[in-house]
file work_29.cif (mmCIF, C-alpha atoms)
data_coords
loop_
_atom_site.label_atom_id
_atom_site.label_comp_id
_atom_site.auth_asym_id
_atom_site.auth_seq_id
_atom_site.Cartn_x
_atom_site.Cartn_y
_atom_site.Cartn_z
CA MET W 1 26.40 -16.77 9.65
CA ASP W 2 25.69 -13.10 10.08
CA ALA W 3 26.12 -11.50 13.46
CA GLN W 4 22.46 -10.59 13.87
CA LEU W 5 21.37 -14.19 13.53
CA ARG W 6 24.11 -15.47 15.80
CA GLU W 7 23.05 -12.95 18.43
CA ALA W 8 19.40 -13.98 18.13
CA LEU W 9 20.32 -17.62 18.59
CA GLY W 10 22.65 -16.91 21.50
CA SER W 11 23.91 -19.89 23.42
CA GLU W 12 21.22 -22.19 22.08
CA LEU W 13 23.11 -22.66 18.83
CA PRO W 14 23.59 -26.40 18.48
CA ASP W 15 26.72 -27.65 16.82
CA THR W 16 25.61 -29.40 13.65
CA SER W 17 27.02 -29.57 10.17
CA ILE W 18 24.12 -27.64 8.64
CA LEU W 19 24.70 -24.73 10.97
CA SER W 20 28.40 -24.51 10.26
CA ASP W 21 27.64 -24.18 6.55
CA THR W 22 27.58 -20.39 6.55
CA ALA W 23 27.30 -20.06 2.77
CA PHE W 24 24.16 -22.21 2.76
CA LEU W 25 22.62 -20.28 5.66
CA SER W 26 23.28 -16.83 4.29
CA ASP W 27 21.94 -17.93 0.90
CA LEU W 28 18.82 -19.36 2.56
CA ARG W 29 18.34 -16.17 4.54
CA ARG W 30 18.69 -14.08 1.37
CA GLN W 31 16.09 -16.21 -0.44
CA MET W 32 13.66 -15.98 2.47
CA LEU W 33 14.11 -12.23 2.76
CA ARG W 34 13.50 -11.70 -0.93
CA PHE W 35 10.34 -13.78 -0.76
CA ALA W 36 9.05 -12.17 2.46
CA THR W 37 9.76 -8.63 1.22
CA LEU W 38 7.89 -9.36 -2.00
CA GLN W 39 4.90 -10.69 -0.09
CA LEU W 40 4.76 -8.09 2.69
CA SER W 41 5.92 -4.91 0.90
CA SER W 42 7.76 -3.90 4.05
CA SER W 43 11.40 -4.73 4.59
CA HIS W 44 11.02 -4.27 8.33
CA THR W 45 8.09 -6.70 8.69
CA ALA W 46 9.84 -9.09 6.31
CA GLU W 47 13.06 -8.97 8.32
CA ASP W 48 11.14 -9.81 11.50
CA ALA W 49 9.26 -12.70 9.91
CA VAL W 50 12.45 -14.22 8.43
CA GLN W 51 14.35 -13.84 11.67
CA GLU W 52 11.61 -15.52 13.66
CA ALA W 53 11.26 -18.38 11.18
CA LEU W 54 15.02 -19.01 11.04
CA VAL W 55 15.60 -18.85 14.76
CA GLY W 56 12.66 -21.17 15.43
CA ALA W 57 13.89 -23.73 12.91
CA LEU W 58 17.58 -23.56 13.77
CA LYS W 59 16.95 -24.22 17.43
CA ASN W 60 15.73 -27.62 16.29
CA ALA W 61 18.25 -28.01 13.50
CA LYS W 62 19.47 -31.34 14.82
CA ALA W 63 16.13 -32.85 13.84
CA PHE W 64 16.68 -32.13 10.14
CA ALA W 65 18.45 -34.57 7.94
CA GLY W 66 20.11 -32.29 5.45
CA ARG W 67 19.67 -28.91 3.83
CA ALA W 68 16.57 -29.68 1.77
CA ALA W 69 14.61 -30.70 4.87
CA LEU W 70 15.72 -27.60 6.76
CA LYS W 71 14.88 -25.32 3.85
CA THR W 72 11.42 -26.86 3.47
CA TRP W 73 10.83 -26.42 7.18
CA VAL W 74 11.89 -22.77 7.43
CA PHE W 75 9.89 -21.86 4.34
CA ALA W 76 6.83 -23.61 5.78
CA ILE W 77 7.18 -21.51 8.95
CA LEU W 78 7.72 -18.38 6.88
CA ARG W 79 4.63 -19.09 4.76
CA ASN W 80 2.51 -19.43 7.89
CA LYS W 81 3.90 -16.20 9.31
CA ILE W 82 3.22 -14.33 6.09
CA ALA W 83 -0.33 -15.73 5.93
CA ASP W 84 -0.85 -14.54 9.54
CA VAL W 85 0.46 -11.06 8.78
CA LEU W 86 -1.73 -10.81 5.67
CA ARG W 87 -4.84 -11.91 7.56
CA HIS W 88 -4.05 -9.48 10.36
CA LYS W 89 -3.60 -6.62 7.88
CA GLN W 90 -6.93 -7.53 6.36
CA ARG W 91 -8.68 -7.48 9.76
CA THR W 92 -7.17 -4.14 10.68
CA GLY W 93 -8.04 -2.60 7.31
CA ASP W 94 -4.42 -2.15 6.29
CA ALA W 95 -4.73 -4.17 3.08
CA SER W 96 -4.32 -1.37 0.59
CA SER W 97 -0.66 -0.90 1.51
CA LEU W 98 0.23 -4.25 -0.03
CA LEU W 99 -0.12 -3.36 -3.70
CA ARG W 100 1.39 0.09 -3.57
CA GLU W 101 3.02 0.07 -6.93
CA PRO W 102 0.89 1.30 -9.80
CA GLN W 103 -0.83 -1.45 -11.73
CA GLU W 104 1.38 -2.70 -14.51
CA HIS W 105 0.24 -1.09 -17.71
CA GLU W 106 0.73 -3.69 -20.35
CA ASP W 107 -1.47 -5.32 -22.86
CA PHE W 108 -1.40 -8.74 -24.42
CA SER W 109 -0.29 -7.56 -27.84
CA GLU W 110 3.14 -9.14 -27.54
CA LEU W 111 1.50 -12.56 -27.20
CA PHE W 112 -1.75 -12.27 -29.16
CA ASP W 113 -2.68 -10.62 -32.43
CA PRO W 114 -5.54 -8.07 -32.56
CA LYS W 115 -8.04 -10.92 -33.00
CA GLY W 116 -6.78 -12.60 -29.85
CA HIS W 117 -4.97 -15.49 -31.54
CA TRP W 118 -1.39 -16.44 -30.67
CA GLN W 119 1.31 -14.49 -32.47
CA ALA W 120 3.11 -17.02 -34.67
CA ASP W 121 6.31 -17.11 -32.59
CA GLU W 122 4.48 -17.11 -29.24
CA ARG W 123 2.27 -20.17 -29.72
CA PRO W 124 2.97 -22.60 -26.86
CA ALA W 125 5.11 -25.55 -27.97
CA HIS W 126 4.80 -29.13 -26.81
CA TRP W 127 7.03 -29.64 -23.77
CA GLY W 128 7.37 -33.41 -23.93
CA ASN W 129 7.57 -34.82 -20.43
CA PRO W 130 8.12 -31.65 -18.38
CA HIS W 131 8.30 -33.53 -15.06
CA GLU W 132 11.79 -34.73 -15.89
CA ALA W 133 12.95 -31.14 -15.47
CA LEU W 134 12.11 -31.22 -11.76
CA HIS W 135 15.10 -33.49 -11.17
CA GLN W 136 17.58 -31.14 -12.77
CA GLN W 137 19.21 -28.44 -10.69
CA GLN W 138 19.74 -26.19 -13.71
CA PHE W 139 15.99 -26.14 -14.28
CA TRP W 140 15.45 -24.69 -10.81
CA ALA W 141 17.96 -21.92 -11.50
CA VAL W 142 15.99 -21.05 -14.66
CA PHE W 143 12.70 -21.22 -12.73
CA GLU W 144 13.99 -18.78 -10.07
CA ILE W 145 15.13 -16.32 -12.73
CA CYS W 146 11.71 -16.55 -14.42
CA LEU W 147 9.95 -15.89 -11.11
CA GLU W 148 12.16 -12.86 -10.52
CA ARG W 149 11.33 -11.49 -13.95
CA LEU W 150 7.61 -11.30 -13.17
CA PRO W 151 6.41 -7.77 -12.45
CA GLY W 152 6.13 -7.21 -8.67
CA ASN W 153 2.36 -7.29 -8.22
CA GLN W 154 1.94 -10.30 -10.51
CA ALA W 155 4.65 -12.21 -8.68
CA ARG W 156 3.07 -11.30 -5.36
CA VAL W 157 -0.42 -12.61 -6.10
CA PHE W 158 0.88 -15.63 -8.04
CA MET W 159 3.04 -16.70 -5.10
CA MET W 160 0.24 -16.01 -2.62
CA LYS W 161 -1.89 -18.42 -4.63
CA GLU W 162 0.63 -21.14 -5.47
CA PHE W 163 3.26 -20.86 -2.72
CA ILE W 164 1.47 -19.63 0.42
CA GLU W 165 -1.63 -21.40 -0.91
CA LEU W 166 -4.20 -18.77 0.00
CA ASP W 167 -7.45 -19.12 -1.93
CA ALA W 168 -8.65 -16.44 -4.34
CA THR W 169 -11.05 -14.83 -1.84
CA GLU W 170 -8.34 -14.59 0.79
CA ILE W 171 -5.93 -12.96 -1.66
CA CYS W 172 -8.53 -10.42 -2.78
CA THR W 173 -9.30 -9.38 0.79
CA ALA W 174 -5.64 -9.50 1.84
CA VAL W 175 -4.47 -7.11 -0.87
CA GLY W 176 -7.72 -5.24 -1.49
CA ILE W 177 -8.40 -6.03 -5.15
CA SER W 178 -11.45 -7.30 -7.01
CA THR W 179 -11.80 -10.87 -8.23
CA SER W 180 -11.63 -9.79 -11.87
CA ASN W 181 -8.47 -7.81 -11.14
CA LEU W 182 -6.92 -10.84 -9.49
CA ASN W 183 -7.91 -13.06 -12.41
CA VAL W 184 -6.21 -10.75 -14.89
CA MET W 185 -3.03 -10.58 -12.79
CA LEU W 186 -2.84 -14.36 -12.37
CA HIS W 187 -3.52 -14.90 -16.07
CA ARG W 188 -0.66 -12.56 -17.00
CA ALA W 189 1.69 -14.08 -14.44
CA ARG W 190 1.03 -17.58 -15.79
CA LEU W 191 1.44 -16.49 -19.43
CA ARG W 192 4.76 -14.81 -18.64
CA LEU W 193 6.11 -17.63 -16.52
CA ARG W 194 5.15 -20.18 -19.16
CA GLU W 195 6.79 -18.15 -21.89
CA CYS W 196 9.97 -17.68 -19.86
CA LEU W 197 10.28 -21.42 -19.08
CA GLU W 198 9.64 -22.33 -22.69
CA ASN W 199 12.21 -19.88 -24.07
CA ASN W 200 14.88 -20.68 -21.52
CA TRP W 201 14.37 -24.36 -20.87
CA PHE W 202 11.88 -26.38 -22.88
CA ALA W 203 12.67 -24.95 -26.32
CA ARG W 204 16.35 -24.16 -25.91
CA GLY W 205 18.17 -24.30 -29.19
CA GLU W 206 15.01 -24.67 -31.23
CA HIS W 207 14.81 -21.01 -32.26
CA MET V 1 -13.62 -18.02 -28.62
CA ASN V 2 -10.08 -16.82 -29.35
CA CYS V 3 -6.79 -17.91 -27.76
CA GLN V 4 -6.59 -14.97 -25.37
CA HIS V 5 -10.06 -15.75 -24.00
CA ALA V 6 -9.31 -19.49 -23.89
CA THR V 7 -6.09 -19.03 -21.88
CA GLN V 8 -7.91 -16.65 -19.55
CA LEU V 9 -10.62 -19.25 -18.87
CA MET V 10 -8.00 -21.95 -18.32
CA SER V 11 -6.23 -19.70 -15.84
CA GLU V 12 -9.50 -18.92 -14.01
CA SER V 13 -10.31 -22.62 -13.84
CA GLN V 14 -7.43 -22.87 -11.33
CA GLU V 15 -9.42 -20.56 -9.01
CA ARG V 16 -13.06 -21.39 -9.74
CA ALA V 17 -15.25 -23.98 -11.41
CA LEU V 18 -16.07 -22.94 -14.97
CA LEU V 19 -19.69 -22.58 -16.04
CA LEU V 20 -21.07 -25.14 -18.47
CA PRO V 21 -21.09 -22.80 -21.52
CA GLU V 22 -17.49 -21.81 -20.73
CA LYS V 23 -16.45 -25.45 -20.52
CA VAL V 24 -18.11 -26.30 -23.80
CA GLY V 25 -16.66 -23.29 -25.62
CA LEU V 26 -13.22 -24.08 -24.27
CA LYS V 27 -13.43 -27.71 -25.25
CA PHE V 28 -14.28 -26.81 -28.85
CA HIS V 29 -11.45 -24.30 -28.98
CA LEU V 30 -8.91 -26.81 -27.64
CA MET V 31 -9.92 -29.34 -30.30
CA MET V 32 -8.88 -26.89 -32.99
CA CYS V 33 -5.93 -25.08 -31.40
CA SER V 34 -2.69 -26.94 -30.68
CA GLY V 35 -1.07 -23.92 -28.96
CA CYS V 36 -3.88 -23.66 -26.41
CA LYS V 37 -3.93 -27.44 -26.02
CA ASN V 38 -0.23 -27.29 -25.06
CA PHE V 39 -1.03 -24.39 -22.71
CA SER V 40 -3.76 -26.50 -21.03
CA VAL V 41 -1.12 -29.07 -20.03
CA GLN V 42 1.48 -26.49 -19.01
CA LEU V 43 -0.82 -24.57 -16.67
CA PRO V 44 -1.24 -27.30 -14.03
CA PHE V 45 2.47 -28.07 -14.45
CA LEU V 46 3.34 -24.48 -13.41
CA SER V 47 1.33 -24.99 -10.24
CA GLN V 48 3.11 -28.31 -9.56
CA VAL V 49 6.52 -26.70 -10.10
CA MET V 50 5.67 -23.98 -7.60
CA LYS V 51 4.55 -26.55 -5.04
CA ALA V 52 7.66 -28.67 -5.57
CA TYR V 53 9.73 -25.51 -5.14
CA ALA V 54 7.89 -24.77 -1.88
CA GLN V 55 8.75 -28.26 -0.68
CA GLY V 56 12.45 -27.72 -1.27
CA GLN V 57 12.79 -30.11 -4.20
CA ASP V 58 15.15 -27.64 -5.85
CA GLU V 59 17.69 -28.61 -3.17
CA ALA V 60 17.45 -32.30 -4.01
CA PRO V 61 20.64 -33.83 -5.35
CA PRO V 62 20.64 -34.37 -9.11
CA THR V 63 19.53 -37.87 -10.07
CA GLU V 64 21.74 -37.94 -13.12
CA PRO V 65 25.17 -36.47 -13.82
CA PRO V 66 25.14 -33.07 -15.56
CA LYS V 67 25.39 -33.34 -19.32
#
call {"tool": "encode", "arguments": {"input": "work_29.cif", "output": "structure tokens"}}
result
Amino acid sequence: MDAQLREALGSELPDTSILSDTAFLSDLRRQMLRFATLQLSSSHTAEDAVQEALVGALKNAKAFAGRAALKTWVFAILRNKIADVLRHKQRTGDASSLLREPQEHEDFSELFDPKGHWQADERPAHWGNPHEALHQQQFWAVFEICLERLPGNQARVFMMKEFIELDATEICTAVGISTSNLNVMLHRARLRLRECLENNWFARGEH
Amino acid sequence: MNCQHATQLMSESQERALLLPEKVGLKFHLMMCSGCKNFSVQLPFLSQVMKAYAQGQDEAPPTEPPK
């Protein structure tokens, strides 16, 4: 465990097997930090939110049966913290800082022809029973890579919608964009994510 | 309606209720377009994957041995 976290926990660190698994904890912390930084566009605010969520959860680590339960719990705390920060930013009129990067300039021409029909090699294939993938650890590695490949702003709003579970109005006010802007960004994020999963999981070896 | 418009409406239907003319247009398009029909099944699946990920299912032990 890194020194900063150990210091924050102080003497309240209970002796459990989860907490002695330093590789798991530093990996969890890295994942949380990446997610929080993406959502908050400020490494300082993100660091604070992650630290608070981890310390809060680890103090009660004895209550968690296993890593999956602990991870779910700390991410639930982190999601709530991020939602709070976003709502606070919105109240204080600080929303515009969240989408600082220029809008991604891209069109749909890679996916659709000039008439708006699928390019022949981009037409979505049948995925069979996709739910079986959820039980395979390799699928989750592919999914994470696909999420990371999304352009920053698209990933941000997509995860606000599907991970933090803000509704569309909340996202628009939180990051200061119009509904039509949000719709375009979510549409692109979904098209890209779908394409990435199909190419790297559902249609492997079929090309 | 073309595929780009159809996928856009399907995406928006995750955020808002579609209007009747939109629903009808989409339904006709899906009857003729297998790519968009596949997309219509994959879209809610993406949302489910994200929710499963949020619930830590990616940490679950594999239910079958790796192939």
call {"tool": "resolve_selection", "arguments": {"input": "work_29.cif", "expression": "the PyMOL selection byres ((chain V) within 7 of (chain W))", "output": "JSON, numbers by chain"}}
result
{"V": [2, 3, 4, 8, 11, 12, 15, 35, 36, 38, 39, 47, 50, 51, 54, 55, 56, 58, 59, 60, 62, 63]}
call {"tool": "residues_around", "arguments": {"input": "work_29.cif", "residues": "W:Thr173", "least_positions_apart": "5", "cutoff": "9 Å", "atoms": "all atoms listed in the file", "output": "PyMOL selection string"}}
result
chain W and resi 87+90+95+168+178
call {"tool": "atom_distance", "arguments": {"input": "work_29.cif", "atom1": "atom CA of W:Ala36", "atom2": "atom CA of W:Trp201"}}
result
26.9 Å
call {"tool": "closest_residue", "arguments": {"input": "work_29.cif", "among": "W:Ala174, W:Glu195, W:Ser43, W:Leu78", "to": "W:Arg156", "atoms": "all atoms listed in the file"}}
result
W:Ala174
call {"tool": "atom_distance", "arguments": {"input": "work_29.cif", "atom1": "atom CA of W:Gly152", "atom2": "atom CA of W:Ser42"}}
result
13.2 Å
call {"tool": "atom_distance", "arguments": {"input": "work_29.cif", "atom1": "atom CA of W:Glu170", "atom2": "atom CA of W:Val55"}}
result
28.0 Å
call {"tool": "residues_around", "arguments": {"input": "work_29.cif", "residues": "V:Met1", "least_positions_apart": "3", "cutoff": "8 Å", "atoms": "all atoms listed in the file", "output": "ChimeraX atom specification"}}
result
/V:5-6,25-26,29
call {"tool": "write_last_selection", "arguments": {"input": "work_29.cif", "atoms": "C-alpha atoms", "output": "mmCIF file, keeping the file's coordinate frame"}}
result
data_model
loop_
_atom_site.group_PDB
_atom_site.id
_atom_site.type_symbol
_atom_site.label_atom_id
_atom_site.label_comp_id
_atom_site.auth_asym_id
_atom_site.auth_seq_id
_atom_site.Cartn_x
_atom_site.Cartn_y
_atom_site.Cartn_z
ATOM 1 C CA HIS V 5 -10.060 -15.750 -24.000
ATOM 2 C CA ALA V 6 -9.310 -19.490 -23.890
ATOM 3 C CA GLY V 25 -16.660 -23.290 -25.620
ATOM 4 C CA LEU V 26 -13.220 -24.080 -24.270
ATOM 5 C CA HIS V 29 -11.450 -24.300 -28.980
#
call {"tool": "residues_around", "arguments": {"input": "work_29.cif", "residues": "stretch 81-85 of chain W", "least_positions_apart": "6", "cutoff": "10 Å", "atoms": "only C-alpha atoms", "output": "list in words"}}
result
Phe35, Ala36, Thr37, Gln39, Leu40, Thr45, Ala46, Asp48, Ala49, Val50, Glu52, Ala53, Phe75, Arg91, Met160, Ile164, Glu165, Leu166, Glu170, Ile171 and Ala174 of chain W
